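Chemist: Structure below; questions to follow.
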Amino acid sequence: MDAITGFCLTLRPRSLVIGDHQPPKLSTPKRTVSLLSLYKNQKSKTKLTLSSMTEPLQVSAFSTIGARNEESGTASAGLVGENDLLIVGPGVLGRLVAEKWRQEHPGCQVYGQTVTTDHHDELIKMGINPSLKGTKATQQYPYVIFCAPPSRTSDYPGDVREAALSWNGDGSFVFTSSSAPFDCFDNGQCNEDSPVVPIGRSPRTDVLLKAEKVVLESGGCALRLAGLYKADRGAHTYWLEKGTVEFRPDHILNLIHYEDAASLAVAILKKKLRSRILLGCDNHPLSRQEVMDLVAKSGKFSKKFVAFTGTSDPLGKRLNNSKTREEIGWEPKYPSFAHFLGVSK
């Protein structure tokens, strides 16, 4: 894309220059074109020339995109609005956050940073301005949320640190973590203040705790989420595919619907809290067997689950986030997995 500097916009080849030189005034109404639409035009090779314009073009400074400059490998500079949001890892959860954030802040710009360009077209159609991980950032954002999983990087805490550097410190920085670090494996009770697994015991929890440390030191908040699910995504769908699973059936797990995780994340962003650990769950823990019994009872799935056959793997924990709910003023849309499925437990 062409570089954007200040209020001057240049489109090539020989198309239109807006800056000190103003196009002749016409009597027809003005219209505002966001840079997202200009990006679409460039991507589809659509030519935008004076000969094709019947009215003057007005560019809003707060519509600028941190789009990739193919020549320099940097993000285009531009003004950032007071409610603009950067989502690092705009996957299922990140896209729901974008949708809910835009409902709360009409007219804001939402940016999405990805590892590859595979889904950039989808993001653009959703109104998310995409950029590629590793692009040199030239601007910071008042709101940043990190939703990327640790599975696609060799330096998760480093990636979180980079995201923290993209935050200007004004609004909020939220990191979506996991409830895995809680040091409880006997189906016991856990809340926001429960102890965590010591560093060095588990590589899985180590990477999460180190990432959380980066977040807290930067002034951001860590949102530890229970198991995410929706109709076609979650532990229940994996177990349905497998049929027979070598896990113990009495292991207690905790759930939160994707929509509820997104609404909680947005509520936390709006609170502008600093260096806090919060918890996202539906407060209705279930055993693995209870989850699959509800799936069968619902009649909503064509596949049939057979059985859990494990006997010696660890037990789980019972999460309660009443403290988070009270402080944030949040309640889930789906208060339980049974409620989501439309059945009584």
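Just remember, in the structure tokens the first chain shown is A, the second B, etc., residues are 1-based per chain, and ligands are 1-based in the order shown.
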Against region 246-261 of chain A, which residues of region 151-230 of chain A fall within 7 Å? For each one I want the closest pair of atoms and the distance in Å (one decimal), counting only C-alpha atoms, rows by chain and increasing residue number, as a Markdown table.
Modeler:
| residue | atom | partner | partner_atom | distance |
| --- | --- | --- | --- | --- |
| A:Asn187 | CA | A:Ile252 | CA | 5.8 |
| A:Ala226 | CA | A:Leu255 | CA | 5.1 |
| A:Gly227 | CA | A:Leu255 | CA | 4.5 |
| A:Leu228 | CA | A:Ile256 | CA | 5.2 |
| A:Tyr229 | CA | A:His257 | CA | 5.0 |
| A:Lys230 | CA | A:His257 | CA | 5.9 |
Chemist: Which of region 94-255 of chain A end up as strand (DSSP E or B) when DSSP is run on this backbone - answer as a JSON list (two decimals) with C-alpha atoms, in the first residue's frame?
Modeler:
[["chain", "number", "residue", "atom", "x", "y", "z"],
["A", 110, "VAL", "CA", -10.49, -2.27, 14.94],
["A", 111, "TYR", "CA", -7.12, -3.71, 13.95],
["A", 112, "GLY", "CA", -6.14, -7.38, 13.83],
["A", 113, "GLN", "CA", -2.60, -8.76, 13.91],
["A", 114, "THR", "CA", -2.12, -12.27, 12.51],
["A", 128, "ILE", "CA", -11.06, -5.47, 10.83],
["A", 129, "ASN", "CA", -7.90, -3.83, 9.50],
["A", 130, "PRO", "CA", -5.34, -6.64, 9.20],
["A", 131, "SER", "CA", -1.58, -6.54, 9.69],
["A", 132, "LEU", "CA", 1.08, -9.21, 9.82],
["A", 136, "LYS", "CA", 7.25, -2.71, 12.31],
["A", 141, "TYR", "CA", -3.35, 1.92, 20.50],
["A", 142, "PRO", "CA", -5.43, 2.87, 23.55],
["A", 143, "TYR", "CA", -6.98, -0.60, 23.74],
["A", 144, "VAL", "CA", -5.14, -3.85, 23.08],
["A", 145, "ILE", "CA", -6.30, -7.42, 23.63],
["A", 146, "PHE", "CA", -4.09, -10.47, 23.14],
["A", 167, "TRP", "CA", -0.40, -0.22, 23.95],
["A", 168, "ASN", "CA", -0.19, 3.52, 24.62],
["A", 169, "GLY", "CA", -1.23, 3.11, 28.25],
["A", 170, "ASP", "CA", -4.44, 5.12, 28.02],
["A", 171, "GLY", "CA", -7.28, 2.60, 27.89],
["A", 172, "SER", "CA", -6.67, -1.07, 28.67],
["A", 173, "PHE", "CA", -4.46, -4.02, 27.80],
["A", 174, "VAL", "CA", -6.06, -7.45, 28.33],
["A", 175, "PHE", "CA", -4.37, -10.83, 27.91],
["A", 176, "THR", "CA", -6.66, -13.85, 27.57],
["A", 177, "SER", "CA", -4.94, -16.53, 29.60],
["A", 178, "SER", "CA", -6.14, -19.91, 30.88],
["A", 182, "PHE", "CA", -4.36, -22.77, 39.29],
["A", 188, "GLY", "CA", -11.41, -28.66, 44.76],
["A", 189, "GLN", "CA", -12.57, -25.03, 44.83],
["A", 190, "CYS", "CA", -10.65, -22.23, 43.08],
["A", 196, "VAL", "CA", -0.83, -21.24, 41.09],
["A", 221, "CYS", "CA", -4.85, -7.43, 33.05],
["A", 222, "ALA", "CA", -4.77, -11.22, 32.70],
["A", 223, "LEU", "CA", -8.16, -12.83, 32.11],
["A", 224, "ARG", "CA", -7.93, -16.52, 32.96],
["A", 225, "LEU", "CA", -10.61, -18.29, 30.94],
["A", 227, "GLY", "CA", -12.82, -24.06, 28.65],
["A", 228, "LEU", "CA", -14.25, -22.19, 25.68],
["A", 229, "TYR", "CA", -17.11, -23.70, 23.73],
["A", 230, "LYS", "CA", -19.90, -23.12, 21.24],
["A", 233, "ARG", "CA", -16.34, -26.09, 18.99],
["A", 244, "THR", "CA", -14.14, -43.49, 23.28],
["A", 245, "VAL", "CA", -11.71, -41.35, 25.30],
["A", 252, "ILE", "CA", -14.34, -31.73, 36.93],
["A", 253, "LEU", "CA", -14.00, -29.13, 34.22],
["A", 255, "LEU", "CA", -16.73, -23.86, 30.83]]
Chemist: Quick one: everything within 10 Å of Val343 (chain A), counting only C-alpha atoms, minus sequence neighbours fewer than 3 positions away in the same chain. Send it as a VMD selection string.
Modeler: chain A and resid 294 to 295 297 to 299 337 to 340
Chemist: Would you kindly return, as a PDB file with N, CA, C and O atoms, in the first residue's frame, each protein, DNA or RNA residue with an atom no farther than 9 Å from any atom of Asn320 (chain A), considering only C-alpha atoms and excluding same-chain residues fewer than 3 positions away?
Modeler:
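Full text of around_27.pdb as output:
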ATOM      1  N   GLN A 189     -12.103 -26.376  45.165  1.00  0.00           N
ATOM      2  CA  GLN A 189     -12.574 -25.032  44.834  1.00  0.00           C
ATOM      3  C   GLN A 189     -11.406 -24.109  44.463  1.00  0.00           C
ATOM      4  O   GLN A 189     -10.337 -24.174  45.073  1.00  0.00           O
ATOM      5  N   CYS A 190     -11.634 -23.232  43.490  1.00  0.00           N
ATOM      6  CA  CYS A 190     -10.649 -22.229  43.075  1.00  0.00           C
ATOM      7  C   CYS A 190     -11.353 -20.920  42.772  1.00  0.00           C
ATOM      8  O   CYS A 190     -12.461 -20.910  42.234  1.00  0.00           O
ATOM      9  N   ASN A 191     -10.670 -19.802  43.082  1.00  0.00           N
ATOM     10  CA  ASN A 191     -11.165 -18.491  42.668  1.00  0.00           C
ATOM     11  C   ASN A 191      -9.990 -17.636  42.214  1.00  0.00           C
ATOM     12  O   ASN A 191      -8.872 -18.147  42.045  1.00  0.00           O
ATOM     13  N   GLU A 192     -10.225 -16.357  42.015  1.00  0.00           N
ATOM     14  CA  GLU A 192      -9.190 -15.465  41.482  1.00  0.00           C
ATOM     15  C   GLU A 192      -7.919 -15.438  42.317  1.00  0.00           C
ATOM     16  O   GLU A 192      -6.821 -15.193  41.796  1.00  0.00           O
ATOM     17  N   LEU A 279     -11.047 -13.712  36.310  1.00  0.00           N
ATOM     18  CA  LEU A 279     -11.402 -15.089  35.977  1.00  0.00           C
ATOM     19  C   LEU A 279     -12.705 -15.133  35.192  1.00  0.00           C
ATOM     20  O   LEU A 279     -13.679 -14.462  35.547  1.00  0.00           O
ATOM     21  N   GLY A 280     -12.713 -15.928  34.130  1.00  0.00           N
ATOM     22  CA  GLY A 280     -13.909 -16.083  33.296  1.00  0.00           C
ATOM     23  C   GLY A 280     -14.407 -17.521  33.286  1.00  0.00           C
ATOM     24  O   GLY A 280     -13.721 -18.422  32.785  1.00  0.00           O
ATOM     25  N   CYS A 281     -15.597 -17.750  33.847  1.00  0.00           N
ATOM     26  CA  CYS A 281     -16.209 -19.074  33.849  1.00  0.00           C
ATOM     27  C   CYS A 281     -17.708 -18.905  34.091  1.00  0.00           C
ATOM     28  O   CYS A 281     -18.169 -17.811  34.427  1.00  0.00           O
ATOM     29  N   ASP A 282     -18.472 -19.979  33.942  1.00  0.00           N
ATOM     30  CA  ASP A 282     -19.923 -19.855  34.108  1.00  0.00           C
ATOM     31  C   ASP A 282     -20.404 -20.243  35.506  1.00  0.00           C
ATOM     32  O   ASP A 282     -21.603 -20.212  35.795  1.00  0.00           O
ATOM     33  N   ASN A 283     -19.456 -20.603  36.388  1.00  0.00           N
ATOM     34  CA  ASN A 283     -19.791 -20.964  37.780  1.00  0.00           C
ATOM     35  C   ASN A 283     -20.670 -22.208  37.889  1.00  0.00           C
ATOM     36  O   ASN A 283     -21.368 -22.397  38.887  1.00  0.00           O
ATOM     37  N   HIS A 284     -20.635 -23.044  36.849  1.00  0.00           N
ATOM     38  CA  HIS A 284     -21.358 -24.320  36.893  1.00  0.00           C
ATOM     39  C   HIS A 284     -20.427 -25.449  36.445  1.00  0.00           C
ATOM     40  O   HIS A 284     -20.543 -25.980  35.337  1.00  0.00           O
ATOM     41  N   PRO A 285     -19.482 -25.818  37.329  1.00  0.00           N
ATOM     42  CA  PRO A 285     -18.551 -26.900  36.981  1.00  0.00           C
ATOM     43  C   PRO A 285     -19.296 -28.207  36.712  1.00  0.00           C
ATOM     44  O   PRO A 285     -20.330 -28.485  37.331  1.00  0.00           O
ATOM     45  N   LYS A 323     -16.096 -12.898  42.415  1.00  0.00           N
ATOM     46  CA  LYS A 323     -15.361 -11.662  42.661  1.00  0.00           C
ATOM     47  C   LYS A 323     -15.228 -10.842  41.374  1.00  0.00           C
ATOM     48  O   LYS A 323     -15.460  -9.627  41.369  1.00  0.00           O
TER      49      LYS A 323
END
Chemist: At a cut-off of 8 Å, using only C-alpha atoms, what residues contact Ser166 (chain A)? Leave out same-chain residues fewer than 3 positions from it and give the result as number ranges by chain.
Modeler: A: 137, 139-141, 144, 162-163
Chemist: With N, CA, C and O atoms retained, write the just-selected residues as a PDB file, in the first residue's frame.
Modeler:
ATOM      1  N   ALA A 137       5.717  -1.672  13.851  1.00  0.00           N
ATOM      2  CA  ALA A 137       4.618  -0.790  14.243  1.00  0.00           C
ATOM      3  C   ALA A 137       5.091   0.655  14.310  1.00  0.00           C
ATOM      4  O   ALA A 137       6.179   0.943  14.796  1.00  0.00           O
ATOM      5  N   GLN A 139       2.681   3.000  15.356  1.00  0.00           N
ATOM      6  CA  GLN A 139       1.689   3.656  16.191  1.00  0.00           C
ATOM      7  C   GLN A 139       1.285   2.732  17.332  1.00  0.00           C
ATOM      8  O   GLN A 139       1.474   1.520  17.277  1.00  0.00           O
ATOM      9  N   GLN A 140       0.743   3.332  18.369  1.00  0.00           N
ATOM     10  CA  GLN A 140       0.246   2.587  19.517  1.00  0.00           C
ATOM     11  C   GLN A 140      -1.263   2.785  19.624  1.00  0.00           C
ATOM     12  O   GLN A 140      -1.817   3.698  19.024  1.00  0.00           O
ATOM     13  N   TYR A 141      -1.898   1.922  20.408  1.00  0.00           N
ATOM     14  CA  TYR A 141      -3.346   1.922  20.497  1.00  0.00           C
ATOM     15  C   TYR A 141      -3.797   2.063  21.946  1.00  0.00           C
ATOM     16  O   TYR A 141      -3.136   1.552  22.863  1.00  0.00           O
ATOM     17  N   VAL A 144      -5.796  -2.701  23.695  1.00  0.00           N
ATOM     18  CA  VAL A 144      -5.135  -3.854  23.078  1.00  0.00           C
ATOM     19  C   VAL A 144      -5.605  -5.106  23.799  1.00  0.00           C
ATOM     20  O   VAL A 144      -5.654  -5.146  25.034  1.00  0.00           O
ATOM     21  N   GLU A 162       5.684  -7.784  22.961  1.00  0.00           N
ATOM     22  CA  GLU A 162       5.523  -6.950  21.764  1.00  0.00           C
ATOM     23  C   GLU A 162       4.134  -6.317  21.731  1.00  0.00           C
ATOM     24  O   GLU A 162       3.974  -5.161  21.354  1.00  0.00           O
ATOM     25  N   ALA A 163       3.128  -7.083  22.116  1.00  0.00           N
ATOM     26  CA  ALA A 163       1.766  -6.545  22.148  1.00  0.00           C
ATOM     27  C   ALA A 163       1.663  -5.427  23.182  1.00  0.00           C
ATOM     28  O   ALA A 163       0.992  -4.407  22.953  1.00  0.00           O
TER      29      ALA A 163
END
